[in-house]
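Undergrad: I'd like to ask you about the structure that follows.
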Amino acid sequence: MQMWFSQYHTANVKLDVRIQEQLFSGQSDYQKIDVFKSYEFGKMVALDGEIVFSDTDEFIYDEMVTHIPMAVHPDEKNVLIIGGADGGVARELINYKCIERIDVVEPDEMLVEVCRKHFPELTCGLDDDRV
């Protein structure tokens with residue numbers, strides 16, 4: 001039996017991704033959280049039925065949202081990340097030695113823990129002393 005994840009964009013458009021296995025499914029106080037292992041994208045997170053990131057594409061968002069602003073203001077001391085449960089942006093920011101403090105605002109503790117379990121290569125950024 002094949003398992004597919006379907007994300008509906010409009011009444012006429014949907015994205016289907018073939019899934020190897022579902023690694024997690026749960027309902028937090030804020031949203032439904034699913035983690036899948038897919039053939040094409042590796043592990044991926046869906047929140048309320050919408051794909052948020054996957055192993056193969058997370059770097060695109062994390063690098064863009066980090067390095068472009070840092071190029072404009074290369075000597076920033078304090079940084080605020082809003083919605084940083086996966087730790088990817090923090091992981092990129094800790095490479096800047098000029099940053100003294102990184103505040104992460106993420107109300108969904110379950111999402112942070114799910115990301116810590118399934119995406120430790122991203123959440124390692126949350127363990128830096130400056131975070």
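Identifiers in the structure tokens: chain A, B, ... in order shown; residue index from 1 per chain; ligand index from 1 in order shown.
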What's around Phe24 of chain A at 9 Å? Count only C-alpha atoms, leave out sequence neighbours fewer than 3 positions away in its own chain, and write the answer as a PyMOL selection string.
TA: chain A and resi 33-36+114+118
Undergrad: Put those residues in a file: N, CA, C and O atoms, as a short mmCIF file (atom, residue, chain, number, x, y, z; two decimals), in the first residue's frame.
TA:
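Heads up, here's the output in out-v8.cif:
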```
data_model
loop_
_atom_site.label_atom_id
_atom_site.label_comp_id
_atom_site.auth_asym_id
_atom_site.auth_seq_id
_atom_site.Cartn_x
_atom_site.Cartn_y
_atom_site.Cartn_z
N ILE A 33 0.44 18.85 14.14
CA ILE A 33 1.83 18.69 13.73
C ILE A 33 2.02 17.29 13.16
O ILE A 33 1.68 16.31 13.81
N ASP A 34 2.54 17.21 11.94
CA ASP A 34 2.86 15.93 11.32
C ASP A 34 4.30 15.96 10.82
O ASP A 34 4.75 16.98 10.27
N VAL A 35 4.99 14.86 11.01
CA VAL A 35 6.33 14.68 10.45
C VAL A 35 6.29 13.42 9.60
O VAL A 35 5.87 12.36 10.07
N PHE A 36 6.71 13.56 8.36
CA PHE A 36 6.73 12.44 7.42
C PHE A 36 8.15 12.21 6.91
O PHE A 36 8.95 13.15 6.83
N VAL A 114 9.21 18.32 18.98
CA VAL A 114 9.13 17.47 17.79
C VAL A 114 10.32 17.76 16.87
O VAL A 114 10.95 16.83 16.35
N HIS A 118 13.24 15.10 15.67
CA HIS A 118 13.31 14.67 14.28
C HIS A 118 14.27 15.49 13.41
O HIS A 118 14.64 15.04 12.33
#
```
Undergrad: Would you kindly return, as a list in words, each protein, DNA or RNA residue with an atom no farther than 12 Å from any atom of Gln2 of chain A, considering only C-alpha atoms and excluding same-chain residues fewer than 4 positions away?
TA: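 So, after excluding close chain neighbours, the residues are Asp16, Val17, Arg18, Ile19, Gln20, Glu21, Gln22, Ser38 and Tyr39 of chain A.
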Undergrad: Taking only chain A into account, list the residues labelled helix (DSSP H, G or I) by DSSP (computed from the backbone), as a PyMOL selection string.
TA: chain A and resi 58-72+88-93+109-118+120-127
Undergrad: Excluding segment 56-68 of chain A and its own-chain neighbours fewer than 4 positions away, which residues fall within 10 Å of it when counting only C-alpha atoms? Please give them as a list of chain:residue names.
TA: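 Here the answer would be A:Glu40, A:Phe41, A:Gly42, A:Lys43, A:Met44, A:Val52, A:Val72, A:His73, A:Pro74, A:Ile81, A:Asp86, A:Gly87, A:Gly88, A:Val89, A:Ala90, A:Arg91, A:Glu92, A:Leu93, A:Tyr96, A:Leu122.
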Undergrad: Hey, can you spit out that residue selection with all heavy atoms as a compact mmCIF listing (two decimals), in the first residue's frame?
TA:
```txt
# COMPACT_ATOMS: atom_id res chain seq x y z
N GLU A 40 11.09 11.80 -1.86
CA GLU A 40 11.67 12.89 -2.64
C GLU A 40 12.34 13.97 -1.80
O GLU A 40 13.37 14.51 -2.18
CB GLU A 40 10.58 13.53 -3.50
CG GLU A 40 11.09 14.44 -4.58
CD GLU A 40 11.81 13.71 -5.71
OE1 GLU A 40 11.55 12.52 -5.93
OE2 GLU A 40 12.64 14.35 -6.36
N PHE A 41 11.75 14.31 -0.65
CA PHE A 41 12.19 15.47 0.12
C PHE A 41 12.82 15.11 1.46
O PHE A 41 13.13 16.00 2.25
CB PHE A 41 11.03 16.44 0.35
CG PHE A 41 10.40 16.92 -0.93
CD1 PHE A 41 9.13 16.51 -1.29
CD2 PHE A 41 11.10 17.76 -1.78
CE1 PHE A 41 8.55 16.94 -2.47
CE2 PHE A 41 10.53 18.20 -2.96
CZ PHE A 41 9.25 17.78 -3.31
N GLY A 42 12.97 13.84 1.79
CA GLY A 42 13.47 13.45 3.10
C GLY A 42 12.39 13.70 4.13
O GLY A 42 11.19 13.63 3.84
N LYS A 43 12.80 14.00 5.35
CA LYS A 43 11.81 14.30 6.40
C LYS A 43 11.18 15.66 6.12
O LYS A 43 11.86 16.58 5.66
CB LYS A 43 12.48 14.30 7.77
CG LYS A 43 12.94 12.94 8.24
CD LYS A 43 13.64 13.03 9.57
CE LYS A 43 14.94 13.77 9.38
NZ LYS A 43 15.75 13.92 10.58
N MET A 44 9.89 15.76 6.43
CA MET A 44 9.20 17.03 6.23
C MET A 44 8.16 17.24 7.32
O MET A 44 7.63 16.29 7.88
CB MET A 44 8.56 17.12 4.85
CG MET A 44 7.61 16.02 4.50
SD MET A 44 7.11 16.13 2.77
CE MET A 44 5.35 16.02 2.97
N VAL A 52 5.68 22.87 5.84
CA VAL A 52 6.43 24.03 6.31
C VAL A 52 7.87 23.96 5.84
O VAL A 52 8.42 24.95 5.35
CB VAL A 52 6.37 24.13 7.85
CG1 VAL A 52 7.15 25.33 8.35
CG2 VAL A 52 4.94 24.21 8.33
N VAL A 72 23.22 43.47 5.37
CA VAL A 72 22.83 44.88 5.44
C VAL A 72 23.29 45.49 6.76
O VAL A 72 23.67 46.64 6.82
CB VAL A 72 21.31 45.03 5.26
CG1 VAL A 72 20.87 46.46 5.46
CG2 VAL A 72 20.89 44.53 3.90
N HIS A 73 23.25 44.68 7.82
CA HIS A 73 23.65 45.16 9.15
C HIS A 73 24.63 44.14 9.74
O HIS A 73 24.26 43.34 10.60
CB HIS A 73 22.43 45.30 10.05
CG HIS A 73 22.69 46.11 11.28
ND1 HIS A 73 23.81 45.94 12.07
CD2 HIS A 73 21.98 47.09 11.86
CE1 HIS A 73 23.77 46.78 13.08
NE2 HIS A 73 22.66 47.50 12.97
N PRO A 74 25.86 44.14 9.28
CA PRO A 74 26.81 43.07 9.62
C PRO A 74 27.35 43.09 11.05
O PRO A 74 28.08 42.19 11.44
CB PRO A 74 27.93 43.29 8.62
CG PRO A 74 27.89 44.75 8.33
CD PRO A 74 26.44 45.13 8.39
N ILE A 81 14.13 36.23 16.78
CA ILE A 81 13.55 35.29 15.83
C ILE A 81 12.13 35.01 16.30
O ILE A 81 11.92 34.56 17.42
CB ILE A 81 14.33 33.96 15.79
CG1 ILE A 81 15.79 34.19 15.40
CG2 ILE A 81 13.66 32.98 14.82
CD1 ILE A 81 16.66 32.95 15.60
N ASP A 86 12.12 25.31 14.72
CA ASP A 86 13.02 24.33 14.12
C ASP A 86 14.49 24.64 14.37
O ASP A 86 15.34 23.78 14.19
CB ASP A 86 12.74 24.18 12.63
CG ASP A 86 13.05 25.43 11.81
OD1 ASP A 86 13.70 26.36 12.33
OD2 ASP A 86 12.62 25.49 10.65
N GLY A 87 14.80 25.87 14.79
CA GLY A 87 16.18 26.22 15.11
C GLY A 87 17.06 26.53 13.92
O GLY A 87 18.23 26.85 14.09
N GLY A 88 16.53 26.44 12.71
CA GLY A 88 17.34 26.65 11.51
C GLY A 88 17.92 28.05 11.38
O GLY A 88 19.09 28.22 11.03
N VAL A 89 17.13 29.06 11.69
CA VAL A 89 17.63 30.43 11.62
C VAL A 89 18.65 30.67 12.73
O VAL A 89 19.70 31.27 12.50
CB VAL A 89 16.47 31.46 11.67
CG1 VAL A 89 17.00 32.88 11.76
CG2 VAL A 89 15.57 31.29 10.45
N ALA A 90 18.37 30.16 13.91
CA ALA A 90 19.35 30.27 15.01
C ALA A 90 20.66 29.58 14.64
O ALA A 90 21.74 30.10 14.91
CB ALA A 90 18.78 29.68 16.30
N ARG A 91 20.56 28.42 13.99
CA ARG A 91 21.76 27.69 13.56
C ARG A 91 22.61 28.56 12.62
O ARG A 91 23.84 28.56 12.70
CB ARG A 91 21.35 26.40 12.85
CG ARG A 91 22.55 25.58 12.37
CD ARG A 91 22.15 24.57 11.32
NE ARG A 91 21.61 25.28 10.16
CZ ARG A 91 20.87 24.71 9.24
NH1 ARG A 91 20.53 23.44 9.32
NH2 ARG A 91 20.42 25.40 8.21
N GLU A 92 21.97 29.29 11.74
CA GLU A 92 22.70 30.17 10.83
C GLU A 92 23.27 31.38 11.58
O GLU A 92 24.40 31.79 11.34
CB GLU A 92 21.81 30.63 9.69
CG GLU A 92 21.38 29.53 8.75
CD GLU A 92 22.55 28.85 8.05
OE1 GLU A 92 23.47 29.54 7.59
OE2 GLU A 92 22.53 27.61 7.98
N LEU A 93 22.49 31.95 12.49
CA LEU A 93 22.92 33.15 13.21
C LEU A 93 24.10 32.91 14.14
O LEU A 93 24.91 33.82 14.35
CB LEU A 93 21.75 33.75 14.00
CG LEU A 93 20.71 34.49 13.17
CD1 LEU A 93 19.48 34.78 14.02
CD2 LEU A 93 21.28 35.76 12.57
N TYR A 96 27.69 34.02 13.37
CA TYR A 96 28.11 35.41 13.43
C TYR A 96 28.62 35.71 14.84
O TYR A 96 27.86 35.77 15.79
CB TYR A 96 26.95 36.35 13.08
CG TYR A 96 26.57 36.29 11.62
CD1 TYR A 96 25.61 35.40 11.17
CD2 TYR A 96 27.20 37.13 10.70
CE1 TYR A 96 25.27 35.34 9.83
CE2 TYR A 96 26.85 37.08 9.35
CZ TYR A 96 25.90 36.18 8.93
OH TYR A 96 25.57 36.13 7.59
N LEU A 122 19.04 20.82 12.82
CA LEU A 122 18.54 22.19 12.80
C LEU A 122 18.49 22.77 14.20
O LEU A 122 18.93 23.89 14.44
CB LEU A 122 17.13 22.25 12.20
CG LEU A 122 16.98 21.94 10.73
CD1 LEU A 122 15.52 21.98 10.34
CD2 LEU A 122 17.76 22.92 9.90
```
Undergrad: Pick out the residues sitting within 7 Å of Gln31 of chain A, and hand them over as a list of chain:residue names; count only C-alpha atoms, and ignore anything fewer than 4 positions along from it in its own chain.
TA: A:Gln27, A:Leu47, A:Asp48
Undergrad: May I ask which of the residues A:Leu126, A:Met70, A:Val79, A:Leu23 is the closest one to Glu100 of chain A, counting only C-alpha atoms?
TA: A:Val79
Undergrad: For a test of reading the model, state the distance in Å between atom CA of Leu80 of chain A and atom CA of Val104 of chain A, rounded to one decimal.
TA: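 Computing the Euclidean distance for atom CA of Leu80 of chain A and atom CA of Val104 of chain A yields 6.0 Å.
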